[in-house]
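S.K.: Pasting data.txt here (compact mmCIF, C-alpha atoms):
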# COMPACT_ATOMS: atom_id res chain seq x y z
CA MET D 1 -21.70 -60.03 63.34
CA THR D 2 -18.39 -58.13 63.66
CA PRO D 3 -16.04 -57.32 60.79
CA ALA D 4 -13.53 -59.72 62.34
CA THR D 5 -15.92 -62.65 61.96
CA GLU D 6 -16.76 -61.67 58.36
CA ARG D 7 -13.14 -61.67 57.21
CA PRO D 8 -12.64 -65.46 56.58
CA ALA D 9 -15.50 -65.68 54.03
CA PRO D 10 -13.50 -64.24 51.07
CA VAL D 11 -10.71 -66.67 51.87
CA ARG D 12 -13.13 -69.58 51.62
CA ARG D 13 -14.47 -68.20 48.32
CA ASP D 14 -10.91 -67.86 47.02
CA ALA D 15 -10.15 -71.41 48.08
CA ARG D 16 -13.22 -72.74 46.27
CA ARG D 17 -12.34 -70.73 43.18
CA ASN D 18 -8.76 -72.00 43.20
CA ARG D 19 -9.98 -75.58 43.54
CA GLU D 20 -12.35 -75.15 40.60
CA LEU D 21 -9.57 -73.59 38.49
CA LEU D 22 -7.23 -76.45 39.34
CA LEU D 23 -9.83 -79.09 38.48
CA ALA D 24 -10.63 -77.41 35.15
CA ALA D 25 -6.94 -77.13 34.26
CA ALA D 26 -6.25 -80.71 35.31
CA ARG D 27 -9.22 -81.99 33.31
CA LYS D 28 -7.86 -80.40 30.13
CA ALA D 29 -4.26 -81.46 30.79
CA PHE D 30 -5.18 -85.06 31.60
CA ALA D 31 -7.43 -85.34 28.53
CA ALA D 32 -4.66 -84.07 26.24
CA GLN D 33 -1.57 -85.61 27.85
CA GLY D 34 -2.75 -88.43 30.09
CA LEU D 35 -2.41 -88.78 33.84
CA ASP D 36 1.33 -88.08 33.78
CA ALA D 37 0.69 -84.44 32.81
CA PRO D 38 3.11 -82.27 34.87
CA LEU D 39 1.50 -80.93 38.02
CA ASP D 40 3.43 -77.65 37.83
CA GLU D 41 1.97 -77.10 34.36
CA ILE D 42 -1.53 -77.71 35.74
CA ALA D 43 -0.90 -75.14 38.49
CA ARG D 44 0.39 -72.65 35.93
CA ARG D 45 -2.66 -73.12 33.70
CA ALA D 46 -4.90 -72.58 36.71
CA GLY D 47 -3.04 -69.37 37.58
CA VAL D 48 -1.97 -70.56 41.04
CA GLY D 49 1.27 -71.66 42.64
CA ASN D 50 2.39 -75.24 43.26
CA ALA D 51 1.83 -74.76 46.99
CA THR D 52 -1.84 -73.99 46.35
CA LEU D 53 -2.19 -77.12 44.23
CA TYR D 54 -0.66 -79.34 46.91
CA ARG D 55 -2.76 -77.69 49.61
CA HIS D 56 -5.91 -78.80 47.78
CA PHE D 57 -4.54 -82.07 46.36
CA PRO D 58 -1.60 -83.47 48.37
CA THR D 59 -0.94 -86.25 45.82
CA ARG D 60 -1.43 -86.84 42.12
CA ALA D 61 -3.91 -89.60 43.01
CA ALA D 62 -6.02 -87.14 45.00
CA LEU D 63 -6.19 -84.79 42.02
CA ILE D 64 -7.06 -87.62 39.63
CA ASP D 65 -9.74 -88.82 42.03
CA ALA D 66 -11.35 -85.38 42.17
CA VAL D 67 -11.22 -84.84 38.40
CA PHE D 68 -12.73 -88.16 37.36
CA GLN D 69 -15.07 -89.11 40.19
CA ASP D 70 -18.18 -88.22 38.15
CA SER D 71 -17.00 -88.18 34.54
CA LEU D 72 -17.03 -91.95 33.92
CA GLN D 73 -20.70 -92.37 34.82
CA GLY D 74 -21.40 -92.80 31.11
CA THR D 75 -19.36 -96.00 31.16
CA VAL D 76 -21.48 -97.36 33.98
CA ASP D 77 -24.65 -96.37 32.11
CA ALA D 78 -23.43 -98.15 28.97
CA GLY D 79 -22.71 -101.23 31.06
CA GLU D 80 -26.22 -101.24 32.47
CA ALA D 81 -27.68 -100.99 28.96
CA ALA D 82 -25.46 -103.84 27.77
CA ARG D 83 -26.49 -106.08 30.65
CA GLY D 84 -30.10 -105.73 29.55
CA ALA D 85 -29.43 -106.61 25.89
CA ALA D 86 -31.45 -109.53 24.54
CA ASP D 87 -28.39 -110.90 22.74
CA ALA D 88 -25.22 -111.17 24.84
CA TRP D 89 -22.79 -110.86 21.93
CA THR D 90 -24.49 -107.70 20.65
CA GLY D 91 -24.55 -106.28 24.18
CA LEU D 92 -20.82 -106.93 24.60
CA ALA D 93 -19.90 -105.43 21.23
CA GLU D 94 -21.97 -102.29 21.84
CA TYR D 95 -20.59 -101.87 25.35
CA LEU D 96 -16.99 -102.14 24.16
CA GLU D 97 -17.64 -99.65 21.37
CA ALA D 98 -19.01 -97.17 23.93
CA VAL D 99 -15.98 -97.66 26.19
CA PHE D 100 -13.49 -97.34 23.34
CA THR D 101 -15.18 -94.16 22.13
CA VAL D 102 -14.23 -92.62 25.49
CA LEU D 103 -10.71 -94.10 25.34
CA ALA D 104 -10.18 -92.50 21.92
CA THR D 105 -11.03 -88.96 23.01
CA ASP D 106 -9.64 -88.62 26.54
CA ARG D 107 -6.11 -89.80 27.37
CA GLY D 108 -6.73 -89.40 31.08
CA ALA D 109 -9.81 -91.61 30.98
CA ASN D 110 -7.78 -94.04 28.87
CA ASP D 111 -5.13 -94.27 31.59
CA LEU D 112 -7.82 -94.89 34.18
CA MET D 113 -9.67 -97.57 32.26
CA THR D 114 -6.63 -99.48 30.98
CA THR D 115 -4.35 -99.50 34.04
CA ALA D 116 -4.59 -99.90 37.79
CA ILE D 117 -3.70 -96.80 39.81
CA GLU D 118 -3.34 -96.90 43.58
CA GLY D 119 -5.13 -94.30 45.66
CA VAL D 120 -7.87 -93.33 43.17
CA THR D 121 -10.67 -94.66 45.36
CA SER D 122 -13.66 -93.27 43.46
CA LEU D 123 -12.77 -95.46 40.48
CA ASP D 124 -13.07 -98.73 42.37
CA ALA D 125 -16.81 -98.85 41.67
CA VAL D 126 -16.29 -98.10 37.96
CA HIS D 127 -13.71 -100.87 37.59
CA ALA D 128 -15.87 -103.30 39.56
CA HIS D 129 -18.91 -102.48 37.41
CA ASN D 130 -16.85 -102.91 34.23
CA HIS D 131 -15.57 -106.28 35.44
CA GLY D 132 -19.08 -107.38 36.36
CA THR D 133 -20.49 -106.31 32.99
CA ILE D 134 -17.79 -108.16 31.06
CA ALA D 135 -18.14 -111.28 33.22
CA LEU D 136 -21.93 -111.37 32.89
CA LEU D 137 -21.95 -110.90 29.12
CA MET D 138 -19.11 -113.38 28.60
CA ASP D 139 -20.92 -116.04 30.63
CA ARG D 140 -24.11 -115.54 28.64
CA ALA D 141 -22.29 -115.53 25.29
CA GLN D 142 -20.35 -118.70 26.14
CA ARG D 143 -23.51 -120.47 27.25
CA ASP D 144 -25.19 -119.28 24.03
CA GLY D 145 -22.30 -120.72 22.03
CA THR D 146 -21.40 -117.38 20.41
CA MET D 147 -18.03 -116.94 22.21
CA ARG D 148 -15.21 -119.46 22.43
CA ALA D 149 -15.48 -121.27 25.73
CA ASP D 150 -11.82 -121.24 26.77
CA VAL D 151 -11.50 -117.45 27.15
CA THR D 152 -11.53 -116.12 30.72
CA VAL D 153 -12.59 -112.71 32.03
CA GLU D 154 -8.96 -111.91 32.81
CA ASP D 155 -7.92 -112.83 29.25
CA LEU D 156 -10.47 -110.43 27.86
CA LEU D 157 -9.75 -107.55 30.27
CA LEU D 158 -6.00 -107.70 29.70
CA SER D 159 -6.42 -107.84 25.92
CA LEU D 160 -8.84 -104.92 26.03
CA ALA D 161 -6.44 -102.90 28.19
CA THR D 162 -3.58 -103.59 25.80
CA LEU D 163 -5.61 -102.64 22.74
CA GLY D 164 -7.10 -99.67 24.56
CA ARG D 165 -3.66 -98.18 25.19
CA ALA D 166 -3.20 -97.83 21.43
CA VAL D 167 -6.57 -96.18 20.83
CA PRO D 168 -5.55 -92.51 21.43
CA SER D 169 -2.66 -92.87 18.97
CA LEU D 170 -4.91 -94.55 16.44
CA ALA D 171 -7.45 -91.75 16.83
CA ALA D 172 -4.83 -89.02 16.57
CA ALA D 173 -2.52 -90.38 13.88
CA GLY D 174 -4.39 -93.12 12.07
CA PRO D 175 -7.11 -92.97 9.44
CA PRO D 176 -10.62 -92.05 10.65
CA HIS D 177 -12.03 -94.61 13.08
CA ALA D 178 -8.95 -96.83 12.78
CA TRP D 179 -9.56 -98.12 16.31
CA ARG D 180 -12.94 -99.52 15.26
CA ARG D 181 -11.21 -101.82 12.77
CA GLN D 182 -8.90 -103.14 15.48
CA LEU D 183 -11.76 -103.67 17.91
CA SER D 184 -13.72 -105.52 15.24
CA LEU D 185 -10.77 -107.81 14.50
CA PHE D 186 -10.34 -108.46 18.20
CA LEU D 187 -14.00 -109.35 18.68
CA ASP D 188 -13.96 -111.66 15.68
CA ALA D 189 -11.12 -113.60 17.33
CA LEU D 190 -13.40 -114.28 20.29
CA ARG D 191 -16.28 -115.66 18.27
CA ALA D 192 -17.02 -119.36 18.43
CA GLY D 193 -16.54 -120.70 14.91
CA THR D 194 -17.51 -123.86 13.10
CA ARG D 195 -13.85 -124.98 13.08
CA PRO D 196 -12.15 -126.03 16.33
CA ALA D 197 -10.46 -123.07 17.99
CA THR D 198 -6.69 -123.11 18.33
CA PRO D 199 -5.83 -124.20 21.88
CA LEU D 200 -4.57 -121.30 23.94
CA PRO D 201 -0.94 -121.57 25.10
CA ALA D 202 0.08 -120.98 28.73
CA PRO D 203 -2.21 -120.95 31.74
CA ALA D 204 -4.92 -118.33 32.20
CA LEU D 205 -4.22 -115.25 34.30
CA THR D 206 -5.68 -115.05 37.77
CA ALA D 207 -7.41 -111.89 38.98
CA GLN D 208 -4.28 -111.12 41.03
CA ASP D 209 -2.05 -111.61 37.97
CA LEU D 210 -4.19 -109.18 35.97
CA GLU D 211 -4.06 -106.53 38.72
CA ALA D 212 -0.27 -106.75 38.88
CA VAL D 213 0.12 -106.43 35.12
CA LEU D 214 -2.26 -103.45 34.89
CA HIS D 215 -0.48 -101.72 37.75
CA ASP D 216 2.83 -102.19 35.94
CA LEU D 217 1.34 -100.56 32.83
CA GLY D 218 0.20 -97.50 34.77
CA PRO D 219 1.86 -94.15 35.50
CA HIS D 220 4.79 -94.40 37.87
CA ARG D 221 5.32 -90.84 38.99
CA GLY D 222 6.09 -90.38 42.62
CA SER D 223 3.94 -87.25 43.11
Turn this file's structure into structure tokens for me.
M.R.:
Amino acid sequence: MTPATERPAPVRRDARRNRELLLAAARKAFAAQGLDAPLDEIARRAGVGNATLYRHFPTRAALIDAVFQDSLQGTVDAGEAARGAADAWTGLAEYLEAVFTVLATDRGANDLMTTAIEGVTSLDAVHAHNHGTIALLMDRAQRDGTMRADVTVEDLLLSLATLGRAVPSLAAAGPPHAWRRQLSLFLDALRAGTRPATPLPAPALTAQDLEAVLHDLGPHRGS
């Protein structure tokens, strides 16, 4: 092998190192600031220029995709455990507590789980699994008579997304575990009681309605 053919190897090592530095910097920035964290700040923290960042990640969505493609596996695992719970209501409550624990500690993960973001393809499976877990547990709980029967999956997902958006602020500025109180109140409102439930006003959201609302809640940066 000639020296000329050996020369590209350090470049490849430098490229891998720069990618790892960018991912580490982005992970910290997204966790602290959410998915709207400035990309130039991420490049600066990684010790590289903006051109290097865009060479590795041409769009913000590409960077988000790379940062979070493996880190939400715990949510999927919690969903699998909940699906196997003997009691549907207990399974749902424990699953939501596990999800909200993540939402309280990582603003980037909060953005991902509570909004719809175009172009982050690795998250499609996570969102689909979350939807399937909620739908399965709701169906069982409603058939068991432990959840009010007029609530739809879209009702629950939108309400959870709305409450979830407040969780980082509750964790940062509220009393200890303030978000747990709000989640408990929310769950209590879903329970089937001995008194007739108040009829729900307005028609239920469709899946398409929910997607449009969540997308509107999400980050709207052009990069």
S.K.: With distances taken over all atoms listed in the file, which residue among D:Glu20, D:Asp70, D:Glu94, D:Asp87 lies nearest Gly47 (chain D)?
M.R.: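 For Gly47 (chain D), the nearest of the given residues is D:Glu20.
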S.K.: Just checking: using all atoms listed in the file, which residue out of D:Val120, D:Ile42, D:Ala86, D:Val213 ends up closest to Thr162 (chain D)?
M.R.: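 When distances to Thr162 (chain D) are compared using all atoms listed in the file, the smallest one comes from D:Val213.
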S.K.: Box time for region 96-103 of chain D: axis-aligned, enclosing all its listed atoms, 8 Å extra on each side; report centre and edge lengths in Å to one decimal, as lines of an AutoDock Vina configuration file.
M.R.:
center_x = -14.9
center_y = -97.4
center_z = 23.8
size_x = 24.3
size_y = 25.5
size_z = 20.8
S.K.: In Å, rounded to a single decimal, give me how far CA of His131 (chain D) is from CA of Thr206 (chain D).
M.R.: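 Distance between the two atoms: 13.4 Å.
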S.K.: When you count only C-alpha atoms, which of these residues is closest to Ile117 (chain D): D:Glu154, D:Glu80, D:Glu211, D:Asp14?
M.R.: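 Counting only C-alpha atoms, the residue closest to Ile117 (chain D) is D:Glu211.
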S.K.: What does the structure give for the distance between CA of Val167 (chain D) and CA of Glu97 (chain D), in Å to one decimal?
M.R.: 11.6 Å
S.K.: What are the closest atom pairs, with distances in Å to one decimal, for each residue of region 26-114 of chain D lying within 12 Å of region 135-147 of chain D, using all atoms listed in the file, rows by chain and rising residue number, as a Markdown table?
M.R.:
| residue | atom | partner | partner_atom | distance |
| --- | --- | --- | --- | --- |
| D:Gly79 | CA | D:Leu137 | CA | 9.9 |
| D:Glu80 | CA | D:Leu136 | CA | 11.0 |
| D:Ala81 | CA | D:Leu137 | CA | 11.4 |
| D:Ala82 | CA | D:Leu137 | CA | 8.0 |
| D:Arg83 | CA | D:Leu137 | CA | 6.8 |
| D:Gly84 | CA | D:Leu137 | CA | 9.7 |
| D:Ala85 | CA | D:Leu137 | CA | 9.2 |
| D:Ala86 | CA | D:Arg140 | CA | 10.3 |
| D:Asp87 | CA | D:Ala141 | CA | 8.1 |
| D:Ala88 | CA | D:Ala141 | CA | 5.3 |
| D:Trp89 | CA | D:Ala141 | CA | 5.8 |
| D:Thr90 | CA | D:Ala141 | CA | 9.4 |
| D:Gly91 | CA | D:Leu137 | CA | 7.2 |
| D:Leu92 | CA | D:Leu137 | CA | 6.1 |
| D:Ala93 | CA | D:Leu137 | CA | 9.8 |
| D:Glu94 | CA | D:Leu137 | CA | 11.3 |
| D:Tyr95 | CA | D:Leu137 | CA | 9.9 |
| D:Leu96 | CA | D:Leu137 | CA | 11.2 |
S.K.: Can you write just those residues out, C-alpha atoms, as a tab-separated table (two decimals), in the frame of the given file?
M.R.:
chain	number	residue	atom	x	y	z
D	79	GLY	CA	-22.71	-101.23	31.06
D	80	GLU	CA	-26.22	-101.24	32.47
D	81	ALA	CA	-27.68	-100.99	28.96
D	82	ALA	CA	-25.46	-103.84	27.77
D	83	ARG	CA	-26.49	-106.08	30.65
D	84	GLY	CA	-30.10	-105.73	29.55
D	85	ALA	CA	-29.43	-106.61	25.89
D	86	ALA	CA	-31.45	-109.53	24.54
D	87	ASP	CA	-28.39	-110.90	22.74
D	88	ALA	CA	-25.22	-111.17	24.84
D	89	TRP	CA	-22.79	-110.86	21.93
D	90	THR	CA	-24.49	-107.70	20.65
D	91	GLY	CA	-24.55	-106.28	24.18
D	92	LEU	CA	-20.82	-106.93	24.60
D	93	ALA	CA	-19.90	-105.43	21.23
D	94	GLU	CA	-21.97	-102.29	21.84
D	95	TYR	CA	-20.59	-101.87	25.35
D	96	LEU	CA	-16.99	-102.14	24.16
S.K.: For Asp188 (chain D), list every protein, DNA or RNA residue within 12 Å, evaluated using all atoms listed in the file, and leave out those in the same chain fewer than 2 positions away; present the list as a list in words.
M.R.: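 Near Asp188 (chain D), the qualifying residues are Trp89, Ala93, Thr146, Met147, Arg148, Arg181, Gln182, Leu183, Ser184, Leu185, Phe186, Leu190, Arg191, Ala192 and Gly193 of chain D.
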S.K.: I'd like the contact shell of His215 (chain D) - 12 Å cut-off, all atoms listed in the file, skipping same-chain residues fewer than 4 positions apart - returned as a list in words.
M.R.: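 Counting all atoms listed in the file, the residues come to Asp111, Leu112, Met113, Thr114, Thr115, Ala116, Ile117, Glu118, Gly119, Leu158, Ala161, Gln208, Asp209, Leu210, Glu211, Pro219 and His220 of chain D.
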S.K.: Please measure the separation of CA of Ala24 (chain D) and CA of Ala51 (chain D), giving the value in Å to one decimal.
M.R.: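 CA of Ala51 (chain D) lies 17.4 Å from CA of Ala24 (chain D).
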S.K.: Which residue is closest to Arg165 (chain D)? Choose from D:Thr75, D:Asn130, D:Thr152, D:Asn110 and count only C-alpha atoms.
M.R.: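 Looking only at the distances to Arg165 (chain D), the closest residue turns out to be D:Asn110.
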